[in-house]
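**Q** After the structure tokens below, expect a handful of questions from me.
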Amino acid sequence: MLQSMRINGGSPINGTIEISGSKNLALPALAAALLTDKDVTLHNVPNLEDVKSMLNLLFHLGVDMGSLENGTITLTSKDLKTFNAEYDFVRKMRASILVLGPLVSRFKKASVSLPGGCAIGARGVDLHIKALEHMGANITIENGYINASAPHGLIGCDINFPISTVTGTENIIMAASLAKGTTRIINAAMEPEITALAELLIGMGAKIKGHGTSIITIVGVEALSGTSFTILPDRIETGTYAIAAALTNGKLLLKNCKYDHLSSFFETLHLAGIANKVYRRVDCEHDDIEVWRERDIINPVNIQTAPFPGFATDLQAQFMTLMTICDGTSSITENIFENRFMHIPELSRMGANISVYGKTAIVTGQSYLKGTNVMATDLRASVSLVLAGLVARGETIVNRLYHIDRGYENIDCKLQMCGAKIERFTA
Ligand code: EPU
């Protein structure tokens, strides 16, 4: 049954929101459990549809697992039943490609469905494939499947990515951890999720240096052991709720997040007139961040998305919603994905004034948005519409809610607790 969300806009979002574990770290961390026959226990795993999709895929491959309870799950990958990640799994979630590197590296073979296109762009996996071929894998593409084998194991080498790829870098770090010799990833992605994945692998006995920089060096080892690891807070969820406070002229305390992972985002918010105060926690390495609007008006700010530490593409749609009610005109350029403006027609139906010129959107702020029926098309586009609904006059219905449940844990409850008039219903 399709679910929708009804939002009656206009209430300031005030209070405290606990940030969940990062989706985009949980997914590669779960795939990393394929690299060892020992127990891998993960904590702070968010209960999301994408996480369930990855667990279903790993279960189908034959990974033993308990249930996800209070954010904790243990996985053991002894003898797998199959090395085939079928279309049905990959179609639901592109990140299923993250099993390719671990499977071919440890089990010497894998067959993974090609992800195909997705809502936000063509998003090939050619760079994953070329890098594994460079490491000695034989790869053929047949009937929509990537068939990879490396009967004598993968061999370390220099991998030079022509563009920054997050899951590409993650796949190769995992594959290289069990390869023979040394692999150097040049132009590696530097997202915090990659640094954390490397730390998880180091905890399993991998020899990795340079993670967090653009050159990562991995010296392969014979076998990896088990470990216990805590997933980082979700920086995109943090940024999304920060925008909710700013948009609605409320004040939120975002608990258990990482300011350093969002410093350039908060600098951009600061230019828009949004203040923040960071409280370093003594009980853990995380922060609590308080966010509020400094003045009544929001300033226009021009942004361009870029790989970390630049402005994250995963926060572009939410930031655009903020700009729809700013005092002036801003320009938003999407440099990572070719089709990540699908929220624009829906925001326009709510009264936003946005024109698109290639990969740049020009947003002229209006004094208000109007509630109406809108359609969610992908995860971040969907949440930008929920944010718009929070500030719009009247009622907004966001249809096709399943996109949001892929990446936001309990979003309706978290917002309700902070004063949002929001409810889920079955359409
Ligand atoms: N690309 C290729 N060939 C490849 C790999 C990538 O052409 O083999 C292109 C893509 O089409 C894109 C660019 O390179 O234009 C960057 O893509 P990247 O590989 O970095 O994206 P990804 O690894 O598929 C991850 C996140 C995305 C996030 C991007 C960019 C996960 C599971 N997904 O995707 O998250 O937008 O990096 O930061 O980590 C989301 O959470 O909503 C989401 C889409």
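Ligands are numbered from 1 in the order shown, residues from 1 within each chain, and chains are lettered A, B, ... in the order they appear in the structure tokens.
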Which residues come within 6 Å of segment 15-30 of chain A, counting only C-alpha atoms, excluding same-chain residues fewer than 6 positions away, as a PyMOL selection string?

**A** chain A and resi 44-46+193+231-234+252-256+418

**Q** Per residue of chain A within 7 Å of ligand 1, record the nearest atom pair and its distance in Å to one decimal, counting only C-alpha atoms and all ligand atoms, with rows in chain order and ascending residue number, as JSON lines.

**A**
{"residue": "A:Asn24", "atom": "CA", "partner": "ligand 1", "partner_atom_place_in_ligand_line": "39 (O)", "distance": 4.2}
{"residue": "A:Leu25", "atom": "CA", "partner": "ligand 1", "partner_atom_place_in_ligand_line": "39 (O)", "distance": 6.9}
{"residue": "A:Leu27", "atom": "CA", "partner": "ligand 1", "partner_atom_place_in_ligand_line": "32 (C)", "distance": 6.4}
{"residue": "A:Arg94", "atom": "CA", "partner": "ligand 1", "partner_atom_place_in_ligand_line": "24 (O)", "distance": 6.9}
{"residue": "A:Ala95", "atom": "CA", "partner": "ligand 1", "partner_atom_place_in_ligand_line": "32 (C)", "distance": 4.8}
{"residue": "A:Gly121", "atom": "CA", "partner": "ligand 1", "partner_atom_place_in_ligand_line": "11 (O)", "distance": 6.4}
{"residue": "A:Ala122", "atom": "CA", "partner": "ligand 1", "partner_atom_place_in_ligand_line": "11 (O)", "distance": 5.8}
{"residue": "A:Arg123", "atom": "CA", "partner": "ligand 1", "partner_atom_place_in_ligand_line": "11 (O)", "distance": 3.1}
{"residue": "A:Gly124", "atom": "CA", "partner": "ligand 1", "partner_atom_place_in_ligand_line": "3 (N)", "distance": 4.2}
{"residue": "A:Val125", "atom": "CA", "partner": "ligand 1", "partner_atom_place_in_ligand_line": "8 (O)", "distance": 3.1}
{"residue": "A:Asp126", "atom": "CA", "partner": "ligand 1", "partner_atom_place_in_ligand_line": "8 (O)", "distance": 4.0}
{"residue": "A:Leu127", "atom": "CA", "partner": "ligand 1", "partner_atom_place_in_ligand_line": "8 (O)", "distance": 3.5}
{"residue": "A:His128", "atom": "CA", "partner": "ligand 1", "partner_atom_place_in_ligand_line": "8 (O)", "distance": 5.0}
{"residue": "A:Ile163", "atom": "CA", "partner": "ligand 1", "partner_atom_place_in_ligand_line": "14 (O)", "distance": 6.3}
{"residue": "A:Ser164", "atom": "CA", "partner": "ligand 1", "partner_atom_place_in_ligand_line": "20 (O)", "distance": 5.9}
{"residue": "A:Thr165", "atom": "CA", "partner": "ligand 1", "partner_atom_place_in_ligand_line": "20 (O)", "distance": 3.4}
{"residue": "A:Val166", "atom": "CA", "partner": "ligand 1", "partner_atom_place_in_ligand_line": "20 (O)", "distance": 3.8}
{"residue": "A:Thr167", "atom": "CA", "partner": "ligand 1", "partner_atom_place_in_ligand_line": "23 (O)", "distance": 3.6}
{"residue": "A:Gly168", "atom": "CA", "partner": "ligand 1", "partner_atom_place_in_ligand_line": "19 (O)", "distance": 5.6}
{"residue": "A:Pro307", "atom": "CA", "partner": "ligand 1", "partner_atom_place_in_ligand_line": "38 (O)", "distance": 6.2}
{"residue": "A:Ala312", "atom": "CA", "partner": "ligand 1", "partner_atom_place_in_ligand_line": "38 (O)", "distance": 6.4}
{"residue": "A:Thr313", "atom": "CA", "partner": "ligand 1", "partner_atom_place_in_ligand_line": "36 (O)", "distance": 5.7}
{"residue": "A:Asp314", "atom": "CA", "partner": "ligand 1", "partner_atom_place_in_ligand_line": "36 (O)", "distance": 5.1}
{"residue": "A:Ile336", "atom": "CA", "partner": "ligand 1", "partner_atom_place_in_ligand_line": "15 (O)", "distance": 4.8}
{"residue": "A:Phe337", "atom": "CA", "partner": "ligand 1", "partner_atom_place_in_ligand_line": "15 (O)", "distance": 4.5}
{"residue": "A:Glu338", "atom": "CA", "partner": "ligand 1", "partner_atom_place_in_ligand_line": "15 (O)", "distance": 6.7}
{"residue": "A:Leu379", "atom": "CA", "partner": "ligand 1", "partner_atom_place_in_ligand_line": "42 (O)", "distance": 5.6}
{"residue": "A:Arg380", "atom": "CA", "partner": "ligand 1", "partner_atom_place_in_ligand_line": "42 (O)", "distance": 5.6}
{"residue": "A:Gly407", "atom": "CA", "partner": "ligand 1", "partner_atom_place_in_ligand_line": "41 (O)", "distance": 6.9}

**Q** Write out as an mmCIF file with N, CA and C atoms, in the first residue's frame the set of residues from segment 156-338 of chain A that DSSP, computed on the backbone, places in strand (DSSP E).

**A**
data_model
loop_
_atom_site.group_PDB
_atom_site.id
_atom_site.type_symbol
_atom_site.label_atom_id
_atom_site.label_comp_id
_atom_site.auth_asym_id
_atom_site.auth_seq_id
_atom_site.Cartn_x
_atom_site.Cartn_y
_atom_site.Cartn_z
ATOM 1 N N ASP A 158 48.096 0.497 -9.109
ATOM 2 C CA ASP A 158 47.634 1.885 -8.989
ATOM 3 C C ASP A 158 46.300 2.030 -9.703
ATOM 4 N N ILE A 159 45.305 2.551 -9.011
ATOM 5 C CA ILE A 159 43.995 2.829 -9.620
ATOM 6 C C ILE A 159 43.841 4.339 -9.642
ATOM 7 N N ASN A 160 43.701 4.884 -10.839
ATOM 8 C CA ASN A 160 43.572 6.335 -10.951
ATOM 9 C C ASN A 160 42.144 6.661 -11.393
ATOM 10 N N THR A 182 50.306 -4.210 -3.026
ATOM 11 C CA THR A 182 49.871 -2.860 -2.631
ATOM 12 C C THR A 182 49.002 -2.216 -3.708
ATOM 13 N N THR A 183 47.887 -1.646 -3.278
ATOM 14 C CA THR A 183 47.020 -0.878 -4.188
ATOM 15 C C THR A 183 47.079 0.576 -3.747
ATOM 16 N N ARG A 184 47.204 1.476 -4.744
ATOM 17 C CA ARG A 184 47.112 2.910 -4.433
ATOM 18 C C ARG A 184 45.924 3.453 -5.192
ATOM 19 N N ILE A 185 44.984 4.068 -4.480
ATOM 20 C CA ILE A 185 43.848 4.697 -5.159
ATOM 21 C C ILE A 185 44.171 6.186 -5.273
ATOM 22 N N ILE A 186 44.271 6.643 -6.517
ATOM 23 C CA ILE A 186 44.614 8.051 -6.763
ATOM 24 C C ILE A 186 43.329 8.772 -7.167
ATOM 25 N N LYS A 207 45.402 -3.213 6.193
ATOM 26 C CA LYS A 207 46.497 -2.237 6.285
ATOM 27 C C LYS A 207 46.202 -1.110 5.310
ATOM 28 N N ILE A 208 45.685 -0.015 5.842
ATOM 29 C CA ILE A 208 45.237 1.096 4.993
ATOM 30 C C ILE A 208 45.846 2.394 5.521
ATOM 31 N N LYS A 209 46.329 3.211 4.593
ATOM 32 C CA LYS A 209 46.846 4.538 4.976
ATOM 33 C C LYS A 209 46.308 5.579 4.001
ATOM 34 N N ILE A 215 44.788 10.208 -1.870
ATOM 35 C CA ILE A 215 45.564 9.002 -2.225
ATOM 36 C C ILE A 215 45.493 8.014 -1.057
ATOM 37 N N ILE A 216 44.885 6.889 -1.331
ATOM 38 C CA ILE A 216 44.736 5.865 -0.272
ATOM 39 C C ILE A 216 45.606 4.673 -0.652
ATOM 40 N N THR A 217 46.407 4.200 0.294
ATOM 41 C CA THR A 217 47.282 3.055 0.036
ATOM 42 C C THR A 217 46.815 1.876 0.878
ATOM 43 N N ILE A 218 46.652 0.746 0.201
ATOM 44 C CA ILE A 218 46.166 -0.451 0.893
ATOM 45 C C ILE A 218 47.160 -1.585 0.622
ATOM 46 N N VAL A 219 47.688 -2.171 1.681
ATOM 47 C CA VAL A 219 48.560 -3.337 1.509
ATOM 48 C C VAL A 219 47.705 -4.563 1.844
ATOM 49 N N THR A 227 35.167 -7.820 14.001
ATOM 50 C CA THR A 227 35.333 -6.584 14.776
ATOM 51 C C THR A 227 33.966 -6.097 15.238
ATOM 52 N N SER A 228 34.003 -5.042 16.010
ATOM 53 C CA SER A 228 32.783 -4.380 16.453
ATOM 54 C C SER A 228 32.977 -2.895 16.140
ATOM 55 N N PHE A 229 31.979 -2.280 15.547
ATOM 56 C CA PHE A 229 32.195 -0.941 15.002
ATOM 57 C C PHE A 229 30.906 -0.130 15.099
ATOM 58 N N THR A 230 31.047 1.164 15.401
ATOM 59 C CA THR A 230 29.868 2.031 15.520
ATOM 60 C C THR A 230 29.759 2.955 14.316
ATOM 61 N N LYS A 251 13.959 26.645 16.294
ATOM 62 C CA LYS A 251 15.289 26.433 16.878
ATOM 63 C C LYS A 251 15.403 24.951 17.212
ATOM 64 N N LEU A 252 16.423 24.305 16.673
ATOM 65 C CA LEU A 252 16.581 22.862 16.917
ATOM 66 C C LEU A 252 17.941 22.577 17.554
ATOM 67 N N LEU A 253 17.922 21.642 18.490
ATOM 68 C CA LEU A 253 19.184 21.102 18.995
ATOM 69 C C LEU A 253 19.348 19.731 18.338
ATOM 70 N N LEU A 254 20.340 19.615 17.482
ATOM 71 C CA LEU A 254 20.586 18.361 16.762
ATOM 72 C C LEU A 254 21.597 17.577 17.577
ATOM 73 N N LYS A 255 21.150 16.468 18.144
ATOM 74 C CA LYS A 255 21.997 15.748 19.098
ATOM 75 C C LYS A 255 22.755 14.621 18.426
ATOM 76 N N ASN A 256 24.012 14.495 18.815
ATOM 77 C CA ASN A 256 24.823 13.362 18.393
ATOM 78 C C ASN A 256 25.146 13.434 16.899
ATOM 79 N N CYS A 257 25.777 14.537 16.514
ATOM 80 C CA CYS A 257 26.198 14.648 15.116
ATOM 81 C C CYS A 257 27.673 15.038 15.060
ATOM 82 N N ILE A 274 21.775 31.967 8.968
ATOM 83 C CA ILE A 274 21.374 30.914 9.913
ATOM 84 C C ILE A 274 22.538 30.684 10.883
ATOM 85 N N ALA A 275 22.244 30.842 12.167
ATOM 86 C CA ALA A 275 23.293 30.726 13.180
ATOM 87 C C ALA A 275 23.382 29.296 13.708
ATOM 88 N N ASN A 276 24.539 28.966 14.272
ATOM 89 C CA ASN A 276 24.638 27.669 14.954
ATOM 90 C C ASN A 276 25.586 27.765 16.131
ATOM 91 N N LYS A 277 25.390 26.902 17.080
ATOM 92 C CA LYS A 277 26.314 26.814 18.215
ATOM 93 C C LYS A 277 26.637 25.332 18.416
ATOM 94 N N VAL A 278 27.922 25.051 18.529
ATOM 95 C CA VAL A 278 28.332 23.647 18.627
ATOM 96 C C VAL A 278 28.699 23.323 20.070
ATOM 97 N N TYR A 279 28.139 22.262 20.594
ATOM 98 C CA TYR A 279 28.482 21.790 21.946
ATOM 99 C C TYR A 279 29.244 20.488 21.787
ATOM 100 N N ARG A 280 30.539 20.499 22.115
ATOM 101 C CA ARG A 280 31.322 19.256 22.031
ATOM 102 C C ARG A 280 30.900 18.341 23.175
ATOM 103 N N ASP A 287 29.077 15.763 18.503
ATOM 104 C CA ASP A 287 28.680 17.113 18.920
ATOM 105 C C ASP A 287 27.164 17.188 18.991
ATOM 106 N N ASP A 288 26.687 18.208 19.689
ATOM 107 C CA ASP A 288 25.291 18.618 19.578
ATOM 108 C C ASP A 288 25.347 20.002 18.931
ATOM 109 N N ILE A 289 24.473 20.250 17.975
ATOM 110 C CA ILE A 289 24.517 21.545 17.271
ATOM 111 C C ILE A 289 23.149 22.205 17.365
ATOM 112 N N GLU A 290 23.171 23.448 17.835
ATOM 113 C CA GLU A 290 21.917 24.205 17.912
ATOM 114 C C GLU A 290 21.839 25.102 16.674
ATOM 115 N N VAL A 291 20.667 25.163 16.041
ATOM 116 C CA VAL A 291 20.519 25.911 14.785
ATOM 117 C C VAL A 291 19.282 26.795 14.858
ATOM 118 N N TRP A 292 19.442 28.043 14.446
ATOM 119 C CA TRP A 292 18.294 28.966 14.398
ATOM 120 C C TRP A 292 18.581 30.093 13.415
ATOM 121 N N ARG A 293 17.498 30.803 13.027
ATOM 122 C CA ARG A 293 17.627 31.933 12.111
ATOM 123 C C ARG A 293 18.071 33.172 12.886
ATOM 124 N N ILE A 303 25.281 28.429 -4.531
ATOM 125 C CA ILE A 303 26.075 27.227 -4.203
ATOM 126 C C ILE A 303 26.333 26.386 -5.453
ATOM 127 N N GLN A 304 27.359 25.577 -5.355
ATOM 128 C CA GLN A 304 27.703 24.581 -6.382
ATOM 129 C C GLN A 304 27.967 23.286 -5.641
ATOM 130 N N THR A 329 17.704 36.550 -4.997
ATOM 131 C CA THR A 329 17.844 35.500 -6.014
ATOM 132 C C THR A 329 19.135 34.734 -5.784
ATOM 133 N N SER A 330 19.051 33.425 -5.838
ATOM 134 C CA SER A 330 20.263 32.620 -5.641
ATOM 135 C C SER A 330 20.429 31.671 -6.825
ATOM 136 N N SER A 331 21.666 31.210 -7.016
ATOM 137 C CA SER A 331 21.887 30.231 -8.090
ATOM 138 C C SER A 331 22.442 28.952 -7.475
ATOM 139 N N ILE A 332 21.913 27.830 -7.959
ATOM 140 C CA ILE A 332 22.285 26.519 -7.407
ATOM 141 C C ILE A 332 22.732 25.642 -8.567
ATOM 142 N N THR A 333 23.991 25.233 -8.528
ATOM 143 C CA THR A 333 24.530 24.428 -9.636
ATOM 144 C C THR A 333 24.785 23.006 -9.151
#

**Q** From the set A:Leu390, A:Ile139, A:Ala179, A:Ala32, which residue has the shortest atom-to-atom contact distance to Gln416 of chain A, counting only C-alpha atoms?

**A**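 Among A:Leu390, A:Ile139, A:Ala179, A:Ala32, it is A:Leu390 that comes nearest to Gln416 of chain A.
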
**Q** Do a neighbour search on Ile73 of chain A at 6 Å with only C-alpha atoms, toss out local chain neighbours closer than 3 positions, and write the hits as a list of chain:residue names.

**A**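 Returned residues: A:Thr41, A:Leu42, A:Leu68.
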